[in-house]
Structures are given as structure tokens and as C-alpha cells.
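*Asks:* Below is structure09.tsv; it holds TSV, N, CA and C atoms.
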```tsv
chain	number	residue	atom	x	y	z
R	1	GLN	N	-46.82	226.84	180.78
R	1	GLN	CA	-46.07	225.63	180.45
R	1	GLN	C	-46.96	224.42	180.64
R	2	GLY	N	-47.04	223.59	179.62
R	2	GLY	CA	-47.89	222.41	179.72
R	2	GLY	C	-47.17	221.26	180.36
R	3	LEU	N	-47.94	220.37	180.93
R	3	LEU	CA	-47.40	219.16	181.53
R	3	LEU	C	-48.31	218.02	181.17
R	4	LEU	N	-47.72	216.94	180.68
R	4	LEU	CA	-48.48	215.76	180.30
R	4	LEU	C	-48.02	214.58	181.14
R	5	ALA	N	-48.96	213.78	181.58
R	5	ALA	CA	-48.64	212.63	182.41
R	5	ALA	C	-49.39	211.41	181.89
R	6	GLU	N	-48.62	210.42	181.43
R	6	GLU	CA	-49.22	209.18	180.94
R	6	GLU	C	-49.41	208.19	182.08
R	7	SER	N	-50.39	207.33	181.90
R	7	SER	CA	-50.61	206.23	182.83
R	7	SER	C	-51.32	205.10	182.08
R	8	GLY	N	-51.36	203.93	182.72
R	8	GLY	CA	-52.10	202.82	182.15
R	8	GLY	C	-51.27	201.74	181.51
R	9	GLY	N	-49.96	201.94	181.44
R	9	GLY	CA	-49.13	200.90	180.88
R	9	GLY	C	-49.01	199.71	181.81
R	10	GLY	N	-48.39	198.65	181.30
R	10	GLY	CA	-48.21	197.47	182.13
R	10	GLY	C	-47.86	196.26	181.29
R	11	LEU	N	-47.97	195.11	181.94
R	11	LEU	CA	-47.68	193.83	181.30
R	11	LEU	C	-48.99	193.12	180.97
R	12	VAL	N	-49.12	192.67	179.74
R	12	VAL	CA	-50.35	192.00	179.32
R	12	VAL	C	-49.97	190.87	178.37
R	13	GLN	N	-50.81	189.86	178.31
R	13	GLN	CA	-50.57	188.75	177.40
R	13	GLN	C	-51.06	189.09	176.00
R	14	THR	N	-50.54	188.37	175.04
R	14	THR	CA	-50.99	188.54	173.65
R	14	THR	C	-52.50	188.41	173.57
R	15	GLY	N	-53.12	189.35	172.86
R	15	GLY	CA	-54.56	189.36	172.73
R	15	GLY	C	-55.26	190.19	173.78
R	16	GLY	N	-54.53	190.65	174.76
R	16	GLY	CA	-55.12	191.45	175.83
R	16	GLY	C	-55.30	192.91	175.44
R	17	SER	N	-55.77	193.69	176.40
R	17	SER	CA	-56.07	195.10	176.16
R	17	SER	C	-55.45	195.97	177.25
R	18	LEU	N	-55.15	197.19	176.87
R	18	LEU	CA	-54.72	198.20	177.81
R	18	LEU	C	-55.33	199.54	177.40
R	19	ARG	N	-55.54	200.38	178.39
R	19	ARG	CA	-56.07	201.72	178.13
R	19	ARG	C	-55.08	202.74	178.69
R	20	LEU	N	-54.42	203.43	177.80
R	20	LEU	CA	-53.47	204.46	178.20
R	20	LEU	C	-54.18	205.80	178.30
R	21	SER	N	-53.83	206.54	179.32
R	21	SER	CA	-54.39	207.88	179.50
R	21	SER	C	-53.27	208.90	179.57
R	22	CYS	N	-53.54	210.07	179.03
R	22	CYS	CA	-52.61	211.19	179.09
R	22	CYS	C	-53.36	212.37	179.68
R	23	LYS	N	-52.98	212.73	180.88
R	23	LYS	CA	-53.62	213.83	181.58
R	23	LYS	C	-52.84	215.12	181.29
R	24	ALA	N	-53.57	216.14	180.86
R	24	ALA	CA	-52.93	217.41	180.52
R	24	ALA	C	-53.12	218.43	181.63
R	25	HIS	N	-52.06	219.11	181.98
R	25	HIS	CA	-52.10	220.17	182.98
R	25	HIS	C	-51.55	221.45	182.37
R	26	GLY	N	-52.28	222.53	182.56
R	26	GLY	CA	-51.77	223.82	182.10
R	26	GLY	C	-52.06	224.15	180.66
R	27	ILE	N	-52.71	223.26	179.95
R	27	ILE	CA	-53.09	223.55	178.56
R	27	ILE	C	-54.53	223.10	178.35
R	28	ILE	N	-55.15	223.61	177.31
R	28	ILE	CA	-56.53	223.25	176.98
R	28	ILE	C	-56.47	222.20	175.87
R	29	PRO	N	-56.79	220.96	176.16
R	29	PRO	CA	-56.60	219.87	175.19
R	29	PRO	C	-57.27	220.10	173.84
R	30	GLY	N	-58.45	220.70	173.84
R	30	GLY	CA	-59.19	220.87	172.60
R	30	GLY	C	-58.53	221.79	171.60
R	31	ARG	N	-57.58	222.57	172.04
R	31	ARG	CA	-56.89	223.50	171.14
R	31	ARG	C	-55.67	222.88	170.48
R	32	TYR	N	-55.27	221.73	170.95
R	32	TYR	CA	-54.02	221.12	170.51
R	32	TYR	C	-54.25	219.93	169.58
R	33	ASN	N	-53.23	219.65	168.82
R	33	ASN	CA	-53.15	218.40	168.06
R	33	ASN	C	-52.42	217.38	168.92
R	34	TRP	N	-52.98	216.20	169.04
R	34	TRP	CA	-52.45	215.19	169.96
R	34	TRP	C	-51.95	213.95	169.22
R	35	GLY	N	-50.93	213.37	169.79
R	35	GLY	CA	-50.44	212.12	169.21
R	35	GLY	C	-49.99	211.17	170.28
R	36	TRP	N	-50.18	209.89	170.02
R	36	TRP	CA	-49.58	208.83	170.83
R	36	TRP	C	-48.45	208.24	169.99
R	37	TYR	N	-47.28	208.22	170.56
R	37	TYR	CA	-46.10	207.67	169.92
R	37	TYR	C	-45.59	206.49	170.74
R	38	ARG	N	-44.75	205.69	170.11
R	38	ARG	CA	-44.10	204.62	170.86
R	38	ARG	C	-42.67	204.44	170.37
R	39	GLN	N	-41.86	203.93	171.27
R	39	GLN	CA	-40.46	203.67	170.92
R	39	GLN	C	-40.05	202.35	171.54
R	40	ALA	N	-39.72	201.43	170.68
R	40	ALA	CA	-39.23	200.13	171.12
R	40	ALA	C	-37.70	200.18	171.20
R	41	PRO	N	-37.09	199.30	171.99
R	41	PRO	CA	-35.63	199.31	172.12
R	41	PRO	C	-34.93	199.19	170.77
R	42	GLY	N	-34.00	200.09	170.52
R	42	GLY	CA	-33.24	200.05	169.28
R	42	GLY	C	-33.96	200.57	168.07
R	43	LYS	N	-35.16	201.11	168.27
R	43	LYS	CA	-35.93	201.62	167.14
R	43	LYS	C	-36.25	203.10	167.33
R	44	GLN	N	-36.62	203.73	166.23
R	44	GLN	CA	-37.01	205.14	166.29
R	44	GLN	C	-38.42	205.28	166.84
R	45	ARG	N	-38.67	206.44	167.40
R	45	ARG	CA	-40.01	206.73	167.88
R	45	ARG	C	-40.94	206.84	166.68
R	46	GLU	N	-42.12	206.23	166.80
R	46	GLU	CA	-43.07	206.27	165.70
R	46	GLU	C	-44.44	206.72	166.18
R	47	LEU	N	-45.17	207.35	165.28
R	47	LEU	CA	-46.52	207.80	165.59
R	47	LEU	C	-47.48	206.63	165.46
R	48	VAL	N	-48.27	206.43	166.49
R	48	VAL	CA	-49.23	205.33	166.51
R	48	VAL	C	-50.62	205.83	166.15
R	49	ALA	N	-51.02	206.95	166.74
R	49	ALA	CA	-52.35	207.50	166.50
R	49	ALA	C	-52.31	208.99	166.79
R	50	SER	N	-53.17	209.72	166.10
R	50	SER	CA	-53.24	211.16	166.32
R	50	SER	C	-54.68	211.63	166.22
R	51	ILE	N	-54.95	212.73	166.93
R	51	ILE	CA	-56.24	213.39	166.84
R	51	ILE	C	-55.98	214.88	166.83
R	52	SER	N	-56.52	215.56	165.82
R	52	SER	CA	-56.25	216.98	165.68
R	52	SER	C	-57.25	217.79	166.50
R	53	SER	N	-57.02	219.10	166.53
R	53	SER	CA	-57.93	219.99	167.24
R	53	SER	C	-59.31	220.02	166.58
R	54	THR	N	-59.38	219.59	165.34
R	54	THR	CA	-60.67	219.51	164.63
R	54	THR	C	-61.20	218.08	164.58
R	55	ASP	N	-60.62	217.20	165.44
R	55	ASP	CA	-61.07	215.81	165.58
R	55	ASP	C	-60.78	214.93	164.37
R	56	SER	N	-59.82	215.34	163.57
R	56	SER	CA	-59.36	214.46	162.50
R	56	SER	C	-58.44	213.41	163.10
R	57	ILE	N	-58.69	212.15	162.82
R	57	ILE	CA	-57.97	211.04	163.45
R	57	ILE	C	-57.19	210.25	162.40
R	58	THR	N	-55.98	209.87	162.76
R	58	THR	CA	-55.18	209.00	161.91
R	58	THR	C	-54.58	207.89	162.76
R	59	TYR	N	-54.31	206.76	162.13
R	59	TYR	CA	-53.68	205.62	162.79
R	59	TYR	C	-52.56	205.09	161.91
R	60	ALA	N	-51.52	204.61	162.55
R	60	ALA	CA	-50.52	203.85	161.83
R	60	ALA	C	-51.16	202.56	161.34
R	61	ASP	N	-50.63	202.03	160.26
R	61	ASP	CA	-51.20	200.79	159.72
R	61	ASP	C	-51.21	199.69	160.77
R	62	SER	N	-50.20	199.65	161.60
R	62	SER	CA	-50.09	198.61	162.62
R	62	SER	C	-51.16	198.73	163.70
R	63	ALA	N	-51.77	199.92	163.80
R	63	ALA	CA	-52.75	200.18	164.85
R	63	ALA	C	-54.19	200.12	164.36
R	64	LYS	N	-54.37	200.19	163.07
R	64	LYS	CA	-55.72	200.23	162.52
R	64	LYS	C	-56.52	198.98	162.90
R	65	GLY	N	-57.74	199.23	163.36
R	65	GLY	CA	-58.61	198.13	163.72
R	65	GLY	C	-58.41	197.59	165.13
R	66	ARG	N	-57.33	198.03	165.78
R	66	ARG	CA	-57.04	197.53	167.13
R	66	ARG	C	-56.98	198.65	168.16
R	67	PHE	N	-56.51	199.82	167.77
R	67	PHE	CA	-56.33	200.95	168.68
R	67	PHE	C	-57.37	202.03	168.39
R	68	THR	N	-57.77	202.74	169.45
R	68	THR	CA	-58.69	203.86	169.31
R	68	THR	C	-58.17	205.03	170.13
R	69	ILE	N	-58.10	206.20	169.51
R	69	ILE	CA	-57.69	207.41	170.22
R	69	ILE	C	-58.93	208.28	170.41
R	70	LEU	N	-59.02	208.86	171.60
R	70	LEU	CA	-60.13	209.76	171.86
R	70	LEU	C	-59.69	210.82	172.85
R	71	ARG	N	-60.37	211.95	172.81
R	71	ARG	CA	-60.03	213.08	173.67
R	71	ARG	C	-61.25	213.43	174.51
R	72	ASP	N	-61.02	213.59	175.78
R	72	ASP	CA	-62.07	214.01	176.71
R	72	ASP	C	-61.71	215.41	177.20
R	73	ASN	N	-62.30	216.41	176.57
R	73	ASN	CA	-61.93	217.79	176.91
R	73	ASN	C	-62.31	218.14	178.35
R	74	ALA	N	-63.41	217.61	178.81
R	74	ALA	CA	-63.87	217.94	180.16
R	74	ALA	C	-62.90	217.40	181.21
R	75	ASP	N	-62.30	216.25	180.91
R	75	ASP	CA	-61.37	215.62	181.85
R	75	ASP	C	-59.92	215.97	181.55
R	76	HIS	N	-59.68	216.76	180.50
R	76	HIS	CA	-58.31	217.11	180.09
R	76	HIS	C	-57.46	215.87	179.85
R	77	THR	N	-58.06	214.90	179.17
R	77	THR	CA	-57.39	213.61	178.98
R	77	THR	C	-57.49	213.16	177.53
R	78	VAL	N	-56.41	212.57	177.05
R	78	VAL	CA	-56.42	211.91	175.75
R	78	VAL	C	-56.11	210.43	176.00
R	79	VAL	N	-56.92	209.57	175.45
R	79	VAL	CA	-56.85	208.14	175.74
R	79	VAL	C	-56.47	207.36	174.49
R	80	LEU	N	-55.68	206.32	174.70
R	80	LEU	CA	-55.40	205.35	173.64
R	80	LEU	C	-55.87	204.00	174.14
R	81	GLN	N	-56.97	203.52	173.58
R	81	GLN	CA	-57.48	202.19	173.89
R	81	GLN	C	-56.83	201.19	172.95
R	82	MET	N	-56.15	200.21	173.51
R	82	MET	CA	-55.43	199.23	172.70
R	82	MET	C	-55.99	197.84	172.94
R	83	ASN	N	-56.47	197.22	171.90
R	83	ASN	CA	-57.04	195.88	171.97
R	83	ASN	C	-56.22	194.92	171.11
R	84	ASP	N	-56.40	193.63	171.37
R	84	ASP	CA	-55.72	192.59	170.59
R	84	ASP	C	-54.22	192.87	170.50
R	85	LEU	N	-53.62	193.10	171.65
R	85	LEU	CA	-52.21	193.47	171.68
R	85	LEU	C	-51.32	192.31	171.25
R	86	LYS	N	-50.20	192.68	170.64
R	86	LYS	CA	-49.25	191.72	170.11
R	86	LYS	C	-47.87	192.00	170.70
R	87	PRO	N	-46.99	191.02	170.72
R	87	PRO	CA	-45.64	191.26	171.26
R	87	PRO	C	-44.93	192.43	170.58
R	88	GLU	N	-45.19	192.64	169.31
R	88	GLU	CA	-44.54	193.75	168.60
R	88	GLU	C	-45.07	195.12	169.02
R	89	ASP	N	-46.10	195.15	169.85
R	89	ASP	CA	-46.59	196.42	170.41
R	89	ASP	C	-45.78	196.83	171.64
R	90	THR	N	-44.90	195.98	172.09
R	90	THR	CA	-44.08	196.29	173.26
R	90	THR	C	-43.20	197.50	172.98
R	91	ALA	N	-43.33	198.51	173.84
R	91	ALA	CA	-42.60	199.76	173.66
R	91	ALA	C	-42.92	200.69	174.82
R	92	VAL	N	-42.21	201.80	174.86
R	92	VAL	CA	-42.60	202.91	175.74
R	92	VAL	C	-43.51	203.80	174.92
R	93	TYR	N	-44.66	204.10	175.48
R	93	TYR	CA	-45.65	204.91	174.79
R	93	TYR	C	-45.64	206.33	175.36
R	94	TYR	N	-45.63	207.30	174.46
R	94	TYR	CA	-45.59	208.71	174.84
R	94	TYR	C	-46.77	209.45	174.25
R	95	CYS	N	-47.32	210.39	175.00
R	95	CYS	CA	-48.30	211.29	174.41
R	95	CYS	C	-47.62	212.64	174.14
R	96	SER	N	-48.16	213.33	173.17
R	96	SER	CA	-47.59	214.61	172.75
R	96	SER	C	-48.71	215.54	172.35
R	97	ALA	N	-48.54	216.81	172.71
R	97	ALA	CA	-49.50	217.85	172.34
R	97	ALA	C	-48.77	218.95	171.59
R	98	GLN	N	-49.34	219.38	170.48
R	98	GLN	CA	-48.69	220.37	169.64
R	98	GLN	C	-49.67	221.47	169.24
R	99	LEU	N	-49.20	222.72	169.37
R	99	LEU	CA	-49.97	223.87	168.92
R	99	LEU	C	-48.98	224.89	168.39
R	100	PHE	N	-49.06	225.14	167.09
R	100	PHE	CA	-48.10	226.03	166.43
R	100	PHE	C	-46.68	225.56	166.75
R	101	ARG	N	-45.84	226.39	167.36
R	101	ARG	CA	-44.47	226.00	167.64
R	101	ARG	C	-44.29	225.34	169.00
R	102	SER	N	-45.33	225.23	169.74
R	102	SER	CA	-45.24	224.60	171.06
R	102	SER	C	-45.53	223.12	170.97
R	103	ARG	N	-44.67	222.33	171.57
R	103	ARG	CA	-44.90	220.88	171.63
R	103	ARG	C	-44.50	220.40	173.01
R	104	TYR	N	-45.38	219.58	173.56
R	104	TYR	CA	-45.13	219.01	174.89
R	104	TYR	C	-45.13	217.49	174.79
R	105	TRP	N	-44.29	216.89	175.63
R	105	TRP	CA	-44.20	215.43	175.69
R	105	TRP	C	-44.39	214.96	177.12
R	106	GLY	N	-45.02	213.81	177.25
R	106	GLY	CA	-45.03	213.15	178.53
R	106	GLY	C	-43.75	212.34	178.71
R	107	ARG	N	-43.61	211.73	179.87
R	107	ARG	CA	-42.40	210.96	180.17
R	107	ARG	C	-42.48	209.52	179.69
R	108	GLY	N	-43.66	209.11	179.30
R	108	GLY	CA	-43.82	207.78	178.74
R	108	GLY	C	-44.32	206.76	179.75
R	109	THR	N	-44.94	205.72	179.21
R	109	THR	CA	-45.41	204.60	180.03
R	109	THR	C	-45.08	203.30	179.29
R	110	GLN	N	-44.55	202.33	180.02
R	110	GLN	CA	-44.09	201.08	179.41
R	110	GLN	C	-45.25	200.14	179.16
R	111	VAL	N	-45.30	199.62	177.95
R	111	VAL	CA	-46.26	198.57	177.59
R	111	VAL	C	-45.46	197.34	177.19
R	112	THR	N	-45.72	196.22	177.84
R	112	THR	CA	-45.04	194.98	177.52
R	112	THR	C	-46.09	193.91	177.24
R	113	VAL	N	-45.98	193.30	176.08
R	113	VAL	CA	-46.92	192.25	175.68
R	113	VAL	C	-46.16	190.94	175.60
R	114	SER	N	-46.56	189.99	176.41
R	114	SER	CA	-45.89	188.69	176.44
R	114	SER	C	-46.55	187.73	175.47
R	115	SER	N	-45.75	186.85	174.92
R	115	SER	CA	-46.27	185.88	173.94
R	115	SER	C	-46.72	184.61	174.63
```
Could you render the structure as C-alpha cells?
*Replies:*
Amino acid sequence: QGLLAESGGGLVQTGGSLRLSCKAHGIIPGRYNWGWYRQAPGKQRELVASISSTDSITYADSAKGRFTILRDNADHTVVLQMNDLKPEDTAVYYCSAQLFRSRYWGRGTQVTVSS
């Protein structure tokens, strides 16, 4: 059974940066497809960035040019580096790992961007 734990959220001003980390326990990160999702109050959860087991990376249009996803297999960590943050980035951010029919979710970390 996999376990994911996010960290790195917090309160930041517009234009600031945060680095979210997702630590994986019980699974081998390099074998999984990973995604960072976010959910703002009253909105559906949306995919922000993803990295596949073959290192194919995708970003939501809102994240392009500002966010970077990377995987550190040695540290069992998937990171979302977020720069030039905007108030509309305020949400709970979740990491997710998927392999075939197995999918794991972290509990989320709050990101709040003040204007």
C-alpha cells in the first residue's frame, strides 16, 4: 500500500514562489505516473502538472512557464516548483501516483497567495 505525503504549502504574496514536495512511501516513484492537482473552494479538482514513468511532462495552460514538475527517484520525491504565484493559484494541492489500476493520493497541502 502506497502512502504519499505533501509538504511545502503556505502563505505567499503575489509574485512569490513555493516548492511543494510529495514524499512516497511503499512504492517506487519511477514506475508510476505522477500528477499534481489542485482544488480551490467551490471548484473541481484540476490537474496542474504531470510526469509519466517515461518522463513525459505536461502542464495546464495556467501553469506553463511558471511551474516545474520533477521527480527525484533516489529521494522518492516528486516536486512542484511554483514561481510567479498569483491569487488564482490559491487552492489545496494534492499529489497523485498511478500505475495501472492503482492510484494513490496525498492528503493535500494548502497554498494561499495574497494580493
*Asks:* When you look at R:Val48 with a cut-off of 8 Å (counting all atoms listed in the file), what residues show up, excluding the ones that are within fewer than 4 positions of it in the same chain? I need them as a list in words.
*Replies:*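 The filter keeps Gly35, Trp36, Tyr37, Arg38, Thr58, Tyr59, Ala60, Asp61, Ser62, Ala63, Lys64 and Phe67 of chain R.
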*Asks:* What is the distance between atom N of R:Trp105 and atom CA of R:Leu18, in Å to one decimal?
*Replies:* 21.5 Å
*Asks:* Report the distance between atom CA of R:Gln110 and atom N of R:Lys86 in Å, rounded to one decimal place.
*Replies:*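 Spanning atom CA of R:Gln110 to atom N of R:Lys86 is a straight-line distance of 13.6 Å.
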*Asks:* Rounded to one decimal, what separation in Å do you get between atom N of R:Val111 and atom N of R:Asn83?
*Replies:*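 Those two atoms sit 12.9 Å apart.
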*Asks:* Hey, what's within 12 Å of stretch 70-72 of chain R if we count only C-alpha atoms and toss same-chain stuff fewer than 4 positions away? As a ChimeraX atom specification, please?
*Replies:* /R:19-24,28-36,49-59,76-82,95,97
*Asks:* Just to be explicit: take each residue in the selection above, keep N, CA and C atoms, and write the result as an mmCIF file, in the frame of the given file.
*Replies:*
```
data_model
loop_
_atom_site.group_PDB
_atom_site.id
_atom_site.type_symbol
_atom_site.label_atom_id
_atom_site.label_comp_id
_atom_site.auth_asym_id
_atom_site.auth_seq_id
_atom_site.Cartn_x
_atom_site.Cartn_y
_atom_site.Cartn_z
ATOM 1 N N ARG R 19 -55.540 200.380 178.390
ATOM 2 C CA ARG R 19 -56.070 201.720 178.130
ATOM 3 C C ARG R 19 -55.080 202.740 178.690
ATOM 4 N N LEU R 20 -54.420 203.430 177.800
ATOM 5 C CA LEU R 20 -53.470 204.460 178.200
ATOM 6 C C LEU R 20 -54.180 205.800 178.300
ATOM 7 N N SER R 21 -53.830 206.540 179.320
ATOM 8 C CA SER R 21 -54.390 207.880 179.500
ATOM 9 C C SER R 21 -53.270 208.900 179.570
ATOM 10 N N CYS R 22 -53.540 210.070 179.030
ATOM 11 C CA CYS R 22 -52.610 211.190 179.090
ATOM 12 C C CYS R 22 -53.360 212.370 179.680
ATOM 13 N N LYS R 23 -52.980 212.730 180.880
ATOM 14 C CA LYS R 23 -53.620 213.830 181.580
ATOM 15 C C LYS R 23 -52.840 215.120 181.290
ATOM 16 N N ALA R 24 -53.570 216.140 180.860
ATOM 17 C CA ALA R 24 -52.930 217.410 180.520
ATOM 18 C C ALA R 24 -53.120 218.430 181.630
ATOM 19 N N ILE R 28 -55.150 223.610 177.310
ATOM 20 C CA ILE R 28 -56.530 223.250 176.980
ATOM 21 C C ILE R 28 -56.470 222.200 175.870
ATOM 22 N N PRO R 29 -56.790 220.960 176.160
ATOM 23 C CA PRO R 29 -56.600 219.870 175.190
ATOM 24 C C PRO R 29 -57.270 220.100 173.840
ATOM 25 N N GLY R 30 -58.450 220.700 173.840
ATOM 26 C CA GLY R 30 -59.190 220.870 172.600
ATOM 27 C C GLY R 30 -58.530 221.790 171.600
ATOM 28 N N ARG R 31 -57.580 222.570 172.040
ATOM 29 C CA ARG R 31 -56.890 223.500 171.140
ATOM 30 C C ARG R 31 -55.670 222.880 170.480
ATOM 31 N N TYR R 32 -55.270 221.730 170.950
ATOM 32 C CA TYR R 32 -54.020 221.120 170.510
ATOM 33 C C TYR R 32 -54.250 219.930 169.580
ATOM 34 N N ASN R 33 -53.230 219.650 168.820
ATOM 35 C CA ASN R 33 -53.150 218.400 168.060
ATOM 36 C C ASN R 33 -52.420 217.380 168.920
ATOM 37 N N TRP R 34 -52.980 216.200 169.040
ATOM 38 C CA TRP R 34 -52.450 215.190 169.960
ATOM 39 C C TRP R 34 -51.950 213.950 169.220
ATOM 40 N N GLY R 35 -50.930 213.370 169.790
ATOM 41 C CA GLY R 35 -50.440 212.120 169.210
ATOM 42 C C GLY R 35 -49.990 211.170 170.280
ATOM 43 N N TRP R 36 -50.180 209.890 170.020
ATOM 44 C CA TRP R 36 -49.580 208.830 170.830
ATOM 45 C C TRP R 36 -48.450 208.240 169.990
ATOM 46 N N ALA R 49 -51.020 206.950 166.740
ATOM 47 C CA ALA R 49 -52.350 207.500 166.500
ATOM 48 C C ALA R 49 -52.310 208.990 166.790
ATOM 49 N N SER R 50 -53.170 209.720 166.100
ATOM 50 C CA SER R 50 -53.240 211.160 166.320
ATOM 51 C C SER R 50 -54.680 211.630 166.220
ATOM 52 N N ILE R 51 -54.950 212.730 166.930
ATOM 53 C CA ILE R 51 -56.240 213.390 166.840
ATOM 54 C C ILE R 51 -55.980 214.880 166.830
ATOM 55 N N SER R 52 -56.520 215.560 165.820
ATOM 56 C CA SER R 52 -56.250 216.980 165.680
ATOM 57 C C SER R 52 -57.250 217.790 166.500
ATOM 58 N N SER R 53 -57.020 219.100 166.530
ATOM 59 C CA SER R 53 -57.930 219.990 167.240
ATOM 60 C C SER R 53 -59.310 220.020 166.580
ATOM 61 N N THR R 54 -59.380 219.590 165.340
ATOM 62 C CA THR R 54 -60.670 219.510 164.630
ATOM 63 C C THR R 54 -61.200 218.080 164.580
ATOM 64 N N ASP R 55 -60.620 217.200 165.440
ATOM 65 C CA ASP R 55 -61.070 215.810 165.580
ATOM 66 C C ASP R 55 -60.780 214.930 164.370
ATOM 67 N N SER R 56 -59.820 215.340 163.570
ATOM 68 C CA SER R 56 -59.360 214.460 162.500
ATOM 69 C C SER R 56 -58.440 213.410 163.100
ATOM 70 N N ILE R 57 -58.690 212.150 162.820
ATOM 71 C CA ILE R 57 -57.970 211.040 163.450
ATOM 72 C C ILE R 57 -57.190 210.250 162.400
ATOM 73 N N THR R 58 -55.980 209.870 162.760
ATOM 74 C CA THR R 58 -55.180 209.000 161.910
ATOM 75 C C THR R 58 -54.580 207.890 162.760
ATOM 76 N N TYR R 59 -54.310 206.760 162.130
ATOM 77 C CA TYR R 59 -53.680 205.620 162.790
ATOM 78 C C TYR R 59 -52.560 205.090 161.910
ATOM 79 N N HIS R 76 -59.680 216.760 180.500
ATOM 80 C CA HIS R 76 -58.310 217.110 180.090
ATOM 81 C C HIS R 76 -57.460 215.870 179.850
ATOM 82 N N THR R 77 -58.060 214.900 179.170
ATOM 83 C CA THR R 77 -57.390 213.610 178.980
ATOM 84 C C THR R 77 -57.490 213.160 177.530
ATOM 85 N N VAL R 78 -56.410 212.570 177.050
ATOM 86 C CA VAL R 78 -56.420 211.910 175.750
ATOM 87 C C VAL R 78 -56.110 210.430 176.000
ATOM 88 N N VAL R 79 -56.920 209.570 175.450
ATOM 89 C CA VAL R 79 -56.850 208.140 175.740
ATOM 90 C C VAL R 79 -56.470 207.360 174.490
ATOM 91 N N LEU R 80 -55.680 206.320 174.700
ATOM 92 C CA LEU R 80 -55.400 205.350 173.640
ATOM 93 C C LEU R 80 -55.870 204.000 174.140
ATOM 94 N N GLN R 81 -56.970 203.520 173.580
ATOM 95 C CA GLN R 81 -57.480 202.190 173.890
ATOM 96 C C GLN R 81 -56.830 201.190 172.950
ATOM 97 N N MET R 82 -56.150 200.210 173.510
ATOM 98 C CA MET R 82 -55.430 199.230 172.700
ATOM 99 C C MET R 82 -55.990 197.840 172.940
ATOM 100 N N CYS R 95 -47.320 210.390 175.000
ATOM 101 C CA CYS R 95 -48.300 211.290 174.410
ATOM 102 C C CYS R 95 -47.620 212.640 174.140
ATOM 103 N N ALA R 97 -48.540 216.810 172.710
ATOM 104 C CA ALA R 97 -49.500 217.850 172.340
ATOM 105 C C ALA R 97 -48.770 218.950 171.590
#
```
*Asks:* So, with only N, CA and C atoms as the atoms that count, which of R:Ser96, R:Tyr104, R:Ser115, R:Glu88 lies closest to R:Ala40?
*Replies:* R:Glu88
*Asks:* Step one, run DSSP on the backbone; step two, keep only residues of chain R assigned to strand (DSSP E or B); then write them as a ChimeraX atom specification.
*Replies:* /R:3-7,10-13,18-25,33-39,46-51,57-59,67-72,77-82,91-99,102-105,109-114
*Asks:* Which one is closest to R:Thr112: R:Gly26, R:Gly10, R:Gly16, R:Gly65? Count only C-alpha atoms.
*Replies:*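 The closest residue to R:Thr112 is R:Gly10.
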*Asks:* Nearest residue to R:Ser114 out of R:Phe100, R:Thr14, R:Thr68, R:Gly8, using all atoms listed in the file?
*Replies:* R:Thr14
*Asks:* Please list as a PyMOL selection string every residue within 10 Å of R:Pro41, counting only C-alpha atoms and excluding residues in the same chain fewer than 4 positions away.
*Replies:* chain R and resi 45+90-92
